[in-house]
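K.L.:
Supplied structure: start-v9.tsv, TSV, C-alpha atoms.
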```tsv
chain	number	residue	atom	x	y	z
A	66	MET	CA	77.05	138.27	88.68
A	67	THR	CA	80.61	139.24	89.50
A	68	SER	CA	83.05	136.71	88.09
A	69	LEU	CA	86.01	135.16	89.88
A	70	GLN	CA	88.21	137.14	87.53
A	71	PHE	CA	87.12	140.29	89.39
A	72	LEU	CA	87.74	138.73	92.77
A	73	LEU	CA	91.28	137.87	91.74
A	74	GLN	CA	92.28	141.16	90.08
A	75	PRO	CA	95.92	142.11	90.88
A	76	LEU	CA	96.77	145.45	92.44
A	77	SER	CA	98.58	146.42	89.27
A	78	GLN	CA	95.12	147.12	87.93
A	79	THR	CA	94.05	150.66	88.86
A	80	PRO	CA	91.27	151.24	91.41
A	81	SER	CA	89.12	152.94	88.77
A	82	LYS	CA	89.20	149.85	86.60
A	83	LEU	CA	88.30	147.67	89.53
A	84	LEU	CA	85.43	149.92	90.56
A	85	ASP	CA	84.12	150.09	87.01
A	86	ARG	CA	83.52	146.36	87.34
A	87	CYS	CA	81.13	147.07	90.25
A	88	PRO	CA	79.21	150.27	89.38
A	89	SER	CA	76.95	150.34	92.44
A	90	PHE	CA	80.01	150.57	94.66
A	91	LEU	CA	80.43	154.36	94.20
A	92	GLY	CA	78.25	157.39	94.74
A	93	HIS	CA	75.98	156.07	97.45
A	94	GLY	CA	77.84	156.56	100.70
A	95	HIS	CA	78.78	153.20	102.17
A	96	ARG	CA	76.33	151.19	100.08
A	97	PHE	CA	77.92	148.30	98.18
A	98	HIS	CA	76.76	145.74	95.67
A	99	ARG	CA	75.71	142.45	97.27
A	100	HIS	CA	78.22	140.50	95.19
A	101	CYS	CA	81.12	142.94	95.27
A	102	PRO	CA	83.48	142.73	98.25
A	103	VAL	CA	84.94	145.98	99.54
A	104	ILE	CA	88.57	145.83	98.55
A	105	LYS	CA	91.36	147.78	100.14
A	106	LEU	CA	94.11	148.17	97.57
A	107	THR	CA	97.48	148.11	99.27
A	108	ALA	CA	101.02	147.47	98.13
A	109	LEU	CA	102.78	146.01	101.15
A	110	SER	CA	105.96	147.91	101.88
A	111	GLY	CA	109.28	146.49	102.91
A	112	SER	CA	108.36	146.88	106.56
A	113	ASP	CA	105.30	144.69	106.04
A	114	GLN	CA	107.15	141.59	104.97
A	115	PRO	CA	110.52	139.85	105.22
A	116	GLY	CA	113.32	140.98	102.98
A	117	GLY	CA	111.97	144.48	102.40
A	118	SER	CA	110.57	143.63	98.97
A	119	VAL	CA	107.27	145.00	97.69
A	120	ASP	CA	104.47	142.47	97.26
A	121	SER	CA	101.07	143.23	95.75
A	122	LYS	CA	98.18	141.83	97.76
A	123	ILE	CA	94.42	142.17	97.71
A	124	ARG	CA	92.83	142.85	101.08
A	125	VAL	CA	89.15	142.00	101.16
A	126	SER	CA	87.17	143.69	103.95
A	127	ARG	CA	83.69	142.48	103.00
A	128	VAL	CA	82.83	139.15	101.41
A	129	PRO	CA	79.69	138.47	99.35
A	130	LEU	CA	77.12	136.02	100.71
A	131	LEU	CA	76.24	133.61	97.91
A	132	THR	CA	73.32	131.30	97.32
A	133	SER	CA	74.11	127.68	96.44
A	134	SER	CA	73.43	128.32	92.76
A	135	GLU	CA	75.67	131.40	92.79
A	136	ALA	CA	78.45	129.45	94.51
A	137	TYR	CA	78.17	126.74	91.84
A	138	GLU	CA	78.40	129.36	89.07
A	139	LYS	CA	81.54	130.71	90.73
A	140	LEU	CA	83.04	127.21	90.79
A	141	LYS	CA	82.10	126.71	87.15
A	142	THR	CA	83.69	130.01	86.14
A	143	PHE	CA	86.80	129.17	88.14
A	144	ARG	CA	87.17	125.80	86.40
A	145	GLU	CA	86.58	127.28	82.96
A	146	LYS	CA	89.33	129.85	83.48
A	147	ILE	CA	91.96	127.37	84.63
A	148	LYS	CA	94.41	126.54	81.84
A	149	GLY	CA	96.17	123.65	83.49
A	150	LYS	CA	98.08	120.72	82.06
A	151	GLN	CA	95.42	118.21	83.07
A	152	GLN	CA	91.76	117.72	82.27
A	153	PHE	CA	89.38	116.08	84.74
A	154	LEU	CA	86.96	113.95	82.76
A	155	SER	CA	84.81	112.15	85.32
A	156	MET	CA	84.49	111.74	89.08
A	157	TYR	CA	82.74	109.27	91.34
A	158	SER	CA	81.75	110.20	94.88
A	159	SER	CA	80.03	107.95	97.37
A	160	ILE	CA	78.69	111.17	98.96
A	161	PHE	CA	76.32	111.74	96.04
A	162	GLY	CA	76.37	108.09	94.99
A	163	GLY	CA	77.20	108.53	91.34
A	164	ILE	CA	79.48	109.81	88.60
A	165	THR	CA	79.70	113.37	87.28
A	166	THR	CA	81.52	114.70	84.22
A	167	ASP	CA	81.15	118.32	85.33
A	168	PRO	CA	84.50	119.53	86.74
A	169	ALA	CA	82.70	122.18	88.84
A	170	ALA	CA	80.90	119.40	90.72
A	171	MET	CA	84.11	117.45	91.42
A	172	VAL	CA	84.37	118.51	95.06
A	173	ILE	CA	84.46	116.84	98.47
A	174	PRO	CA	83.09	118.01	101.84
A	175	MET	CA	85.32	120.20	104.01
A	176	ASP	CA	84.42	118.11	107.07
A	177	ASP	CA	85.76	114.96	105.44
A	178	HIS	CA	88.37	113.57	107.83
A	179	MET	CA	90.78	113.24	104.88
A	180	VAL	CA	90.62	117.00	104.28
A	181	HIS	CA	91.21	118.39	107.77
A	182	ARG	CA	93.10	115.50	109.43
A	183	GLY	CA	94.79	113.68	106.54
A	184	HIS	CA	92.92	110.50	107.43
A	185	GLY	CA	92.71	108.92	103.99
A	186	VAL	CA	94.51	106.67	101.54
A	187	PHE	CA	94.76	106.67	97.76
A	188	ASP	CA	96.08	104.80	94.78
A	189	THR	CA	96.15	104.97	91.02
A	190	ALA	CA	96.06	103.01	87.78
A	191	ALA	CA	97.13	103.94	84.27
A	192	ILE	CA	94.70	103.90	81.36
A	193	MET	CA	96.32	102.70	78.14
A	194	ASP	CA	94.43	102.08	74.88
A	195	GLY	CA	91.17	101.57	76.73
A	196	TYR	CA	92.61	99.19	79.35
A	197	LEU	CA	93.33	99.73	83.01
A	198	TYR	CA	96.88	98.65	83.77
A	199	GLU	CA	97.52	96.72	87.00
A	200	LEU	CA	94.20	97.79	88.51
A	201	ASP	CA	93.94	94.70	90.70
A	202	GLN	CA	97.49	95.03	91.97
A	203	HIS	CA	96.92	98.68	92.88
A	204	LEU	CA	93.52	97.90	94.38
A	205	ASP	CA	95.05	95.26	96.67
A	206	ARG	CA	97.58	97.81	97.95
A	207	PHE	CA	94.80	100.39	98.28
A	208	LEU	CA	92.74	98.17	100.54
A	209	SER	CA	95.83	97.17	102.53
A	210	SER	CA	96.61	100.87	103.11
A	211	ALA	CA	93.00	101.42	104.21
A	212	SER	CA	93.24	98.56	106.70
A	213	MET	CA	96.49	99.92	108.18
A	214	SER	CA	94.84	103.34	108.43
A	215	LYS	CA	91.79	101.87	110.21
A	216	ILE	CA	89.40	102.87	107.45
A	217	ALA	CA	86.64	100.35	106.70
A	218	PRO	CA	85.59	100.68	103.02
A	219	PRO	CA	81.92	101.50	102.37
A	220	PHE	CA	81.74	98.71	99.77
A	221	ASP	CA	83.27	95.30	99.19
A	222	ARG	CA	86.28	94.89	96.90
A	223	GLU	CA	84.31	93.80	93.84
A	224	SER	CA	81.94	96.76	94.15
A	225	ILE	CA	84.85	99.20	94.41
A	226	ARG	CA	86.46	97.61	91.37
A	227	ARG	CA	83.20	97.90	89.43
A	228	ILE	CA	82.79	101.57	90.43
A	229	LEU	CA	86.34	102.39	89.27
A	230	ILE	CA	85.87	100.73	85.89
A	231	GLN	CA	82.51	102.46	85.35
A	232	THR	CA	84.06	105.83	86.24
A	233	VAL	CA	86.66	105.34	83.51
A	234	SER	CA	83.94	104.20	81.11
A	235	ALA	CA	81.94	107.39	81.74
A	236	SER	CA	85.02	109.52	81.02
A	237	LYS	CA	85.53	108.07	77.51
A	238	CYS	CA	89.25	108.38	78.26
A	239	ARG	CA	91.43	105.82	76.50
A	240	LYS	CA	94.80	107.11	77.65
A	241	GLY	CA	95.25	108.79	81.01
A	242	SER	CA	95.13	107.88	84.66
A	243	LEU	CA	92.63	106.90	87.32
A	244	ARG	CA	93.07	108.04	90.92
A	245	TYR	CA	90.94	107.00	93.85
A	246	TRP	CA	90.70	107.71	97.57
A	247	LEU	CA	89.21	106.15	100.68
A	248	SER	CA	88.65	108.41	103.66
A	249	ALA	CA	87.14	108.09	107.11
A	250	GLY	CA	84.40	110.30	105.71
A	251	PRO	CA	82.61	113.50	106.72
A	252	GLY	CA	80.98	114.19	110.06
A	253	ASP	CA	82.73	116.88	112.10
A	254	PHE	CA	86.07	118.62	112.60
A	255	GLN	CA	87.27	116.57	115.56
A	256	LEU	CA	90.53	114.63	115.70
A	257	SER	CA	88.78	111.32	116.32
A	258	PRO	CA	86.95	109.74	113.36
A	259	SER	CA	84.23	108.53	115.73
A	260	GLY	CA	81.98	111.35	114.52
A	261	CYS	CA	82.35	110.37	110.86
A	262	HIS	CA	79.09	108.87	109.63
A	263	GLN	CA	80.58	106.53	107.02
A	264	SER	CA	83.80	106.15	105.08
A	265	SER	CA	83.90	107.77	101.65
A	266	LEU	CA	85.15	106.61	98.26
A	267	TYR	CA	86.18	109.07	95.57
A	268	ALA	CA	87.64	108.46	92.11
A	269	ILE	CA	88.66	110.75	89.26
A	270	VAL	CA	89.87	110.23	85.69
A	271	ILE	CA	92.68	112.53	84.57
A	272	GLN	CA	93.98	113.20	81.08
A	273	ASP	CA	97.22	115.06	80.44
A	274	LEU	CA	96.83	117.86	77.91
A	275	SER	CA	100.52	118.39	77.22
A	276	PRO	CA	103.38	116.05	76.40
A	277	SER	CA	105.42	114.81	79.33
A	278	SER	CA	108.07	117.29	80.39
A	279	LEU	CA	110.19	114.40	81.61
A	280	ASN	CA	113.60	114.27	80.00
A	281	LEU	CA	113.63	110.75	78.62
A	282	ARG	CA	117.38	110.95	78.11
A	283	GLY	CA	117.87	111.13	81.84
A	284	VAL	CA	117.34	113.26	84.91
A	285	LYS	CA	119.39	114.54	87.81
A	286	VAL	CA	118.51	113.64	91.40
A	287	ILE	CA	119.84	114.83	94.75
A	288	THR	CA	120.02	113.30	98.20
A	289	SER	CA	117.01	114.67	100.04
A	290	SER	CA	117.54	116.48	103.34
A	291	ILE	CA	113.84	116.21	104.20
A	292	PRO	CA	113.34	113.51	106.87
A	293	ILE	CA	111.95	110.27	105.50
A	294	LYS	CA	108.70	108.92	106.90
A	295	ASP	CA	108.82	106.31	109.64
A	296	PRO	CA	108.50	102.82	108.07
A	297	GLN	CA	105.04	102.34	109.60
A	298	PHE	CA	103.79	105.29	107.55
A	299	ALA	CA	106.10	104.91	104.54
A	300	ILE	CA	104.61	101.51	103.65
A	301	THR	CA	101.09	103.01	103.67
A	302	LYS	CA	99.96	105.02	100.66
A	303	SER	CA	98.19	107.73	102.62
A	304	VAL	CA	97.37	111.31	101.68
A	305	ASN	CA	99.96	112.58	104.17
A	306	TYR	CA	102.39	113.75	101.48
A	307	LEU	CA	103.92	116.87	103.04
A	308	PRO	CA	107.40	115.28	103.35
A	309	ASN	CA	107.09	114.06	99.74
A	310	VAL	CA	106.09	117.51	98.49
A	311	LEU	CA	108.89	119.24	100.39
A	312	SER	CA	111.40	116.73	99.03
A	313	LYS	CA	110.20	117.42	95.49
A	314	VAL	CA	110.33	121.20	96.02
A	315	GLU	CA	113.84	120.95	97.47
A	316	ALA	CA	114.99	119.03	94.39
A	317	GLU	CA	113.41	121.48	91.95
A	318	GLU	CA	115.02	124.41	93.75
A	319	ALA	CA	118.37	122.66	93.26
A	320	GLY	CA	117.71	122.15	89.55
A	321	ALA	CA	117.04	118.43	89.96
A	322	PHE	CA	114.06	116.21	89.21
A	323	VAL	CA	113.52	114.59	92.61
A	324	GLY	CA	115.28	113.87	95.87
A	325	ILE	CA	116.38	110.41	96.95
A	326	TRP	CA	115.65	109.43	100.52
A	327	LEU	CA	117.97	107.38	102.70
A	328	ASP	CA	116.58	105.22	105.49
A	329	GLY	CA	117.49	105.49	109.17
A	330	GLU	CA	120.61	103.36	108.63
A	331	GLY	CA	121.83	105.39	105.67
A	332	PHE	CA	120.81	102.92	102.96
A	333	VAL	CA	119.07	104.02	99.76
A	334	ALA	CA	115.29	104.08	100.31
A	335	GLU	CA	113.08	105.67	97.62
A	336	GLY	CA	112.06	108.86	95.85
A	337	PRO	CA	109.07	111.01	96.86
A	338	ASN	CA	106.64	109.05	94.69
A	339	MET	CA	108.72	106.39	92.97
A	340	ASN	CA	111.06	103.51	93.71
A	341	VAL	CA	114.69	103.41	92.70
A	342	ALA	CA	116.77	100.60	91.16
A	343	PHE	CA	120.33	100.13	89.96
A	344	VAL	CA	122.28	97.99	87.51
A	345	THR	CA	125.76	97.18	88.82
A	346	LYS	CA	128.91	96.88	86.74
A	347	GLU	CA	128.42	93.10	87.06
A	348	LYS	CA	125.03	93.50	85.31
A	349	GLU	CA	123.03	92.69	88.42
A	350	LEU	CA	119.72	94.47	89.01
A	351	ILE	CA	119.53	95.60	92.63
A	352	MET	CA	116.62	97.27	94.41
A	353	PRO	CA	116.04	98.29	98.06
A	354	HIS	CA	113.84	96.03	100.20
A	355	PHE	CA	110.18	97.04	100.53
A	356	ASP	CA	110.08	96.62	104.31
A	357	LYS	CA	110.68	100.33	105.06
A	358	ILE	CA	109.29	101.94	101.91
A	359	LEU	CA	106.21	101.78	99.72
A	360	SER	CA	105.86	98.56	97.79
A	361	GLY	CA	105.74	99.97	94.28
A	362	CYS	CA	103.49	98.16	91.80
A	363	THR	CA	105.62	99.29	88.84
A	364	ALA	CA	108.82	98.27	90.65
A	365	LYS	CA	107.38	94.82	91.39
A	366	ARG	CA	106.31	94.45	87.77
A	367	VAL	CA	109.83	95.39	86.63
A	368	LEU	CA	111.21	92.63	88.85
A	369	THR	CA	108.92	90.15	87.08
A	370	LEU	CA	109.73	91.42	83.59
A	371	ALA	CA	113.45	91.37	84.43
A	372	GLU	CA	113.34	87.57	84.31
A	373	SER	CA	113.25	87.77	80.50
A	374	LEU	CA	116.47	89.82	80.47
A	375	LEU	CA	117.98	87.25	82.80
A	376	ARG	CA	117.12	84.45	80.36
A	377	GLU	CA	118.58	86.46	77.48
A	378	GLY	CA	121.81	86.97	79.38
A	379	LYS	CA	121.47	90.76	79.48
A	380	LEU	CA	121.26	90.56	83.26
A	381	LYS	CA	123.39	88.32	85.44
A	382	GLY	CA	121.25	88.56	88.56
A	383	ILE	CA	118.24	90.15	90.29
A	384	ARG	CA	118.44	90.98	93.95
A	385	MET	CA	116.61	92.92	96.68
A	386	LYS	CA	119.18	94.24	99.14
A	387	ASN	CA	120.36	97.10	101.32
A	388	VAL	CA	121.96	99.47	98.83
A	389	THR	CA	124.59	101.91	100.08
A	390	VAL	CA	124.91	105.38	98.60
A	391	GLU	CA	128.40	104.46	97.38
A	392	GLU	CA	127.03	101.40	95.55
A	393	GLY	CA	124.29	103.47	93.99
A	394	LYS	CA	126.55	106.22	92.75
A	395	LYS	CA	129.05	103.73	91.33
A	396	ALA	CA	126.38	101.75	89.46
A	397	ASP	CA	126.38	101.52	85.69
A	398	GLU	CA	122.72	102.49	85.58
A	399	MET	CA	120.18	104.07	87.91
A	400	MET	CA	116.46	104.38	87.32
A	401	LEU	CA	113.25	105.64	88.91
A	402	LEU	CA	110.20	103.36	88.78
A	403	GLY	CA	106.58	104.43	89.28
A	404	SER	CA	103.15	104.78	87.73
A	405	GLY	CA	103.82	108.41	86.83
A	406	VAL	CA	107.31	108.04	85.35
A	407	LEU	CA	107.18	104.32	84.40
A	408	VAL	CA	110.94	103.82	83.94
A	409	CYS	CA	112.98	107.01	84.11
A	410	PRO	CA	116.78	106.97	83.66
A	411	VAL	CA	118.91	108.86	86.20
A	412	VAL	CA	122.17	110.20	84.78
A	413	GLN	CA	123.42	112.19	87.77
A	414	TRP	CA	123.05	111.87	91.54
A	415	ASP	CA	124.27	114.93	93.41
A	416	GLU	CA	127.63	115.66	91.77
A	417	GLN	CA	128.22	112.07	90.65
A	418	VAL	CA	127.55	111.14	87.03
A	419	ILE	CA	125.94	107.71	86.78
A	420	GLY	CA	127.67	105.37	84.34
A	421	ASP	CA	128.53	107.23	81.15
A	422	GLY	CA	125.94	109.94	81.82
A	423	LYS	CA	123.42	108.50	79.38
A	424	GLU	CA	120.43	106.21	79.56
A	425	GLY	CA	121.72	102.66	79.90
A	426	PRO	CA	120.64	99.66	77.78
A	427	ILE	CA	118.97	97.84	80.69
A	428	THR	CA	116.96	100.92	81.67
A	429	GLN	CA	115.87	101.32	78.08
A	430	ALA	CA	114.96	97.63	77.89
A	431	PHE	CA	112.80	97.95	81.03
A	432	SER	CA	111.08	101.01	79.59
A	433	ASN	CA	110.25	99.10	76.42
A	434	LEU	CA	109.07	96.06	78.38
A	435	ILE	CA	106.73	98.13	80.58
A	436	VAL	CA	105.17	99.96	77.63
A	437	GLU	CA	104.76	96.69	75.75
A	438	ASP	CA	103.22	95.14	78.86
A	439	MET	CA	100.76	98.03	79.12
A	440	LYS	CA	99.73	97.60	75.50
A	441	SER	CA	99.70	93.83	75.11
A	442	GLY	CA	100.38	92.21	78.48
A	443	SER	CA	98.47	89.36	80.05
A	444	PRO	CA	94.85	89.70	81.29
A	445	THR	CA	96.22	89.73	84.85
A	446	VAL	CA	97.56	93.25	84.30
A	447	ARG	CA	95.19	94.62	81.61
A	448	ILE	CA	91.52	95.13	82.44
A	449	PRO	CA	89.32	96.15	79.46
A	450	VAL	CA	87.05	99.16	79.97
A	451	PRO	CA	83.55	98.77	78.46
A	452	TYR	CA	82.98	102.17	76.83
```
Step by step, read the file and then write its structure as C-alpha cells.
P.N.:
Amino acid sequence: MTSLQFLLQPLSQTPSKLLDRCPSFLGHGHRFHRHCPVIKLTALSGSDQPGGSVDSKIRVSRVPLLTSSEAYEKLKTFREKIKGKQQFLSMYSSIFGGITTDPAAMVIPMDDHMVHRGHGVFDTAAIMDGYLYELDQHLDRFLSSASMSKIAPPFDRESIRRILIQTVSASKCRKGSLRYWLSAGPGDFQLSPSGCHQSSLYAIVIQDLSPSSLNLRGVKVITSSIPIKDPQFAITKSVNYLPNVLSKVEAEEAGAFVGIWLDGEGFVAEGPNMNVAFVTKEKELIMPHFDKILSGCTAKRVLTLAESLLREGKLKGIRMKNVTVEEGKKADEMMLLGSGVLVCPVVQWDEQVIGDGKEGPITQAFSNLIVEDMKSGSPTVRIPVPY
C-alpha cells in the first residue's frame, strides 16, 4: 500500500524517484496503480502566484479510491509520522459511545454541525498529579455556553462529568489537559441544525511532549487590530475562534506573544485565550469586568486567592473595573491569566515597558498560589481520577 509519505512528496524530489515508488505507473500506456494518483510535477512560476516567487506544489490529477480499512491504515500512518509537541492519549465520542486510545480513530464526522458551521462549544481542565483542576467550574461554564448556543446536551451533567473523568482514567495521564466539546451533532450540511439527529459530546486527553516555550520571565504583548467579538459571542466559549487565531498570528508576526483586545469603548478587554489583570502603583489588583468578555475560570480563581495577599498586606485592594489603556501601561505589573498559561507576566505592551521590565512580586505570588492550589487545593477544585 502506498504510504502518505509518497502522497506528500515535495517537488524537489525528482520524478524518477517518485515513479520508482509506484512501479506499475510506467510502461503500460495510461495504466496506473489503483493506489497511486497521477501526479503532475510543476513548479509554479512567478506569473502563477503573487509576488513572482517560485513555489513548489504537487498537482494530483487522479486520486485513489480506498476501502475503509485502507483509509484507516492511511490515518494510522499519518499519525505515526507526525512529530508534534503533543500526544493524544485517549478520546471519548458519543458517536461511537466509548473511549479509544488509538490516535488514528480520534476523528469526528464531517457532517457534524460543529465542523462545517462552527455550531459547537468547548472547554478544558488541567490534569495535575492525577487530579482534575477546577473541572466543575469549567463544566458549569461549558453547559452555560451550550445553552447560549442552543445546544441541548445528549446527557445530564453528572453523566458528562463521569464520562470526562473516565476518559482521563483511560489515558493514564497524570499531568496534562482535558478538552471537551458539545456540538449540534451530525446529520447534513445545511445551515439549520434541524437536520442534526442528536447533539454530540467529544473529549480528548492531551499531554505535552516538550517543555513550555513560554518565557516565564515575561512576555511582550501588542494591541490587537483584529476586531473583538461582539459581547454576546465573546462571553460564550464557542469553537468560532477565527478572530482569536488571527489576533495570535498578528502578535507572532510582530514578535510578540499575544494581542490585547480593547472593547467597543476603548477599555482593556482580554487576550485571544486568556484574561488580563494589572497591579497598580498603589498595589491594587484590577481586572476588566466579565460582562463583555469570557469569564475566565483561572482569573476568577486568582481573584479568590488574592484575598490571602490582601490579608498579608501585599495587596491594598481588589477591584473589577473598566481599565483604560493608559492605566494598563502605567501599571506596576501586568499579567495574563488562563488555563494554558496559568499566570504569565507581561513585561512590555507595544512600546511601553511595564513596571521595571521584570516579573513583579504579586504576579510571582499569584503563580505560586495557583500551582500550590493545583497540587494541594481544596476538594472543590481538585477532583481525583481513579486510574
K.L.:
Excluding same-chain residues fewer than 2 positions from Ala364 (chain A), what lies within 7 Å of it counting all atoms listed in the file, as a ChimeraX atom specification?
P.N.:
/A:340,361-362,366-368,402-403
K.L.:
Of the candidates A:Ser242, A:Thr288, A:Ser312, A:Asn305, which one gets nearest to Phe153 (chain A) if we count all atoms listed in the file?
P.N.:
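Closest to Phe153 (chain A) of all the choices is A:Ser242.
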K.L.:
Between CA of Ile160 (chain A) and CA of Asp201 (chain A), what is the distance in Å, rounded to a tenth?
P.N.:
23.9 Å
K.L.:
List the spatial neighbours of Gly405 (chain A) as a ChimeraX atom specification - criterion: any atom at most 12 Å away, only C-alpha atoms, same-chain residues fewer than 2 positions off excluded.
P.N.:
/A:188-192,241-244,273,277-279,337-340,361-364,401-403,407-409
K.L.:
As an exercise, work out the distance from CA of Met179 (chain A) to CA of Ile300 (chain A) in Å and give it to one decimal place.
P.N.:
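Rounded to one decimal, the two atoms are 18.2 Å apart.
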K.L.:
With a distance cut-off of 8 Å and all atoms listed in the file, select the neighbouring residues of region 346-359 of chain A, excluding the residue or stretch itself and same-chain residues fewer than 5 positions from it, and output the selection as a list of chain:residue names.
P.N.:
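Residues near the query, excluding close chain neighbours: A:Asp295, A:Pro296, A:Gln297, A:Ala299, A:Ile300, A:Thr301, A:Lys302, A:Asp328, A:Val333, A:Ala334, A:Glu335, A:Asn340, A:Val341, A:Lys379, A:Leu380, A:Lys381, A:Gly382, A:Ile383, A:Arg384, A:Met385, A:Lys386, A:Asn387, A:Val388, A:Ala396, A:Asp397.
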K.L.:
Quick one: write out the picked residues with C-alpha atoms as a PDB file, in the frame of the given file?
P.N.:
```pdb
ATOM      1  CA  ASP A 295     108.820 106.310 109.640  1.00  0.00           C
ATOM      2  CA  PRO A 296     108.500 102.820 108.070  1.00  0.00           C
ATOM      3  CA  GLN A 297     105.040 102.340 109.600  1.00  0.00           C
ATOM      4  CA  ALA A 299     106.100 104.910 104.540  1.00  0.00           C
ATOM      5  CA  ILE A 300     104.610 101.510 103.650  1.00  0.00           C
ATOM      6  CA  THR A 301     101.090 103.010 103.670  1.00  0.00           C
ATOM      7  CA  LYS A 302      99.960 105.020 100.660  1.00  0.00           C
ATOM      8  CA  ASP A 328     116.580 105.220 105.490  1.00  0.00           C
ATOM      9  CA  VAL A 333     119.070 104.020  99.760  1.00  0.00           C
ATOM     10  CA  ALA A 334     115.290 104.080 100.310  1.00  0.00           C
ATOM     11  CA  GLU A 335     113.080 105.670  97.620  1.00  0.00           C
ATOM     12  CA  ASN A 340     111.060 103.510  93.710  1.00  0.00           C
ATOM     13  CA  VAL A 341     114.690 103.410  92.700  1.00  0.00           C
ATOM     14  CA  LYS A 379     121.470  90.760  79.480  1.00  0.00           C
ATOM     15  CA  LEU A 380     121.260  90.560  83.260  1.00  0.00           C
ATOM     16  CA  LYS A 381     123.390  88.320  85.440  1.00  0.00           C
ATOM     17  CA  GLY A 382     121.250  88.560  88.560  1.00  0.00           C
ATOM     18  CA  ILE A 383     118.240  90.150  90.290  1.00  0.00           C
ATOM     19  CA  ARG A 384     118.440  90.980  93.950  1.00  0.00           C
ATOM     20  CA  MET A 385     116.610  92.920  96.680  1.00  0.00           C
ATOM     21  CA  LYS A 386     119.180  94.240  99.140  1.00  0.00           C
ATOM     22  CA  ASN A 387     120.360  97.100 101.320  1.00  0.00           C
ATOM     23  CA  VAL A 388     121.960  99.470  98.830  1.00  0.00           C
ATOM     24  CA  ALA A 396     126.380 101.750  89.460  1.00  0.00           C
ATOM     25  CA  ASP A 397     126.380 101.520  85.690  1.00  0.00           C
TER      26      ASP A 397
END
```
K.L.:
Excluding region 259-266 of chain A and any residue of its chain fewer than 3 positions from it, enumerate the residues within 9 Å of it, using all atoms listed in the file, and give them as number ranges by chain.
P.N.:
A: 157-160, 176-178, 216-220, 225, 245-256
K.L.:
Extract, using all atoms listed in the file, all DNA, RNA and protein residues at most 10 Å from Gly195 (chain A), discarding same-chain residues fewer than 4 positions from it, and format them as a list in words.
P.N.:
Ala191, Val233, Ser234, Lys237, Cys238, Arg239, Lys240, Gly241, Lys440, Arg447, Ile448, Pro449, Val450, Pro451 and Tyr452 of chain A
K.L.:
For Gln231 (chain A), which residue among A:Val286, A:Val436, A:Met156, A:Ala170 is the nearest when counting all atoms listed in the file?
P.N.:
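Comparing A:Val286, A:Val436, A:Met156, A:Ala170 against Gln231 (chain A), the winner is A:Met156.
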K.L.:
Looking at A:Val304, A:Ala169, A:Val270, A:Leu130, which one is nearest to Ala235 (chain A), with distances taken over all atoms listed in the file?
P.N.:
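Of all the options, A:Val270 lies closest to Ala235 (chain A).
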K.L.:
Rounded to one decimal place, report the CA of Gly336 (chain A)-CA of Glu398 (chain A) distance in Å.
P.N.:
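Result for CA of Gly336 (chain A) versus CA of Glu398 (chain A): 16.1 Å, one decimal.
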K.L.:
Considering all atoms listed in the file, state which residue in the set A:Ser360, A:Ser155, A:Ser373, A:Leu197 is at the smallest distance from Gln272 (chain A).
P.N.:
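Closest residue, counting all atoms listed in the file: A:Ser155.
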K.L.:
Which residue, A:Asp415, A:Asp205, A:Glu138, A:Glu437, has the smallest gap to Ala316 (chain A) when you use only C-alpha atoms?
P.N.:
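Using only C-alpha atoms, Ala316 (chain A) sits closest to A:Asp415.
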K.L.:
Determine the nearest neighbour of Phe207 (chain A) from the options A:Asp194, A:Ser303, A:Lys395, A:Ser224, counting only C-alpha atoms.
P.N.:
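Result for the nearest residue to Phe207 (chain A): A:Ser303.
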K.L.:
Within 12 Å of (122.6, 107.8, 103.4) in the file's own coordinates, which protein, DNA or RNA residues have an atom, counting all atoms listed in the file? List them as a list in words.
P.N.:
Ile287, Thr288, Ser289, Ser290, Pro292, Ile293, Ile325, Trp326, Leu327, Asp328, Gly329, Glu330, Gly331, Phe332, Val333, Ala334, Glu335, Asn387, Val388, Thr389, Val390, Glu391, Glu392, Gly393 and Lys394 of chain A
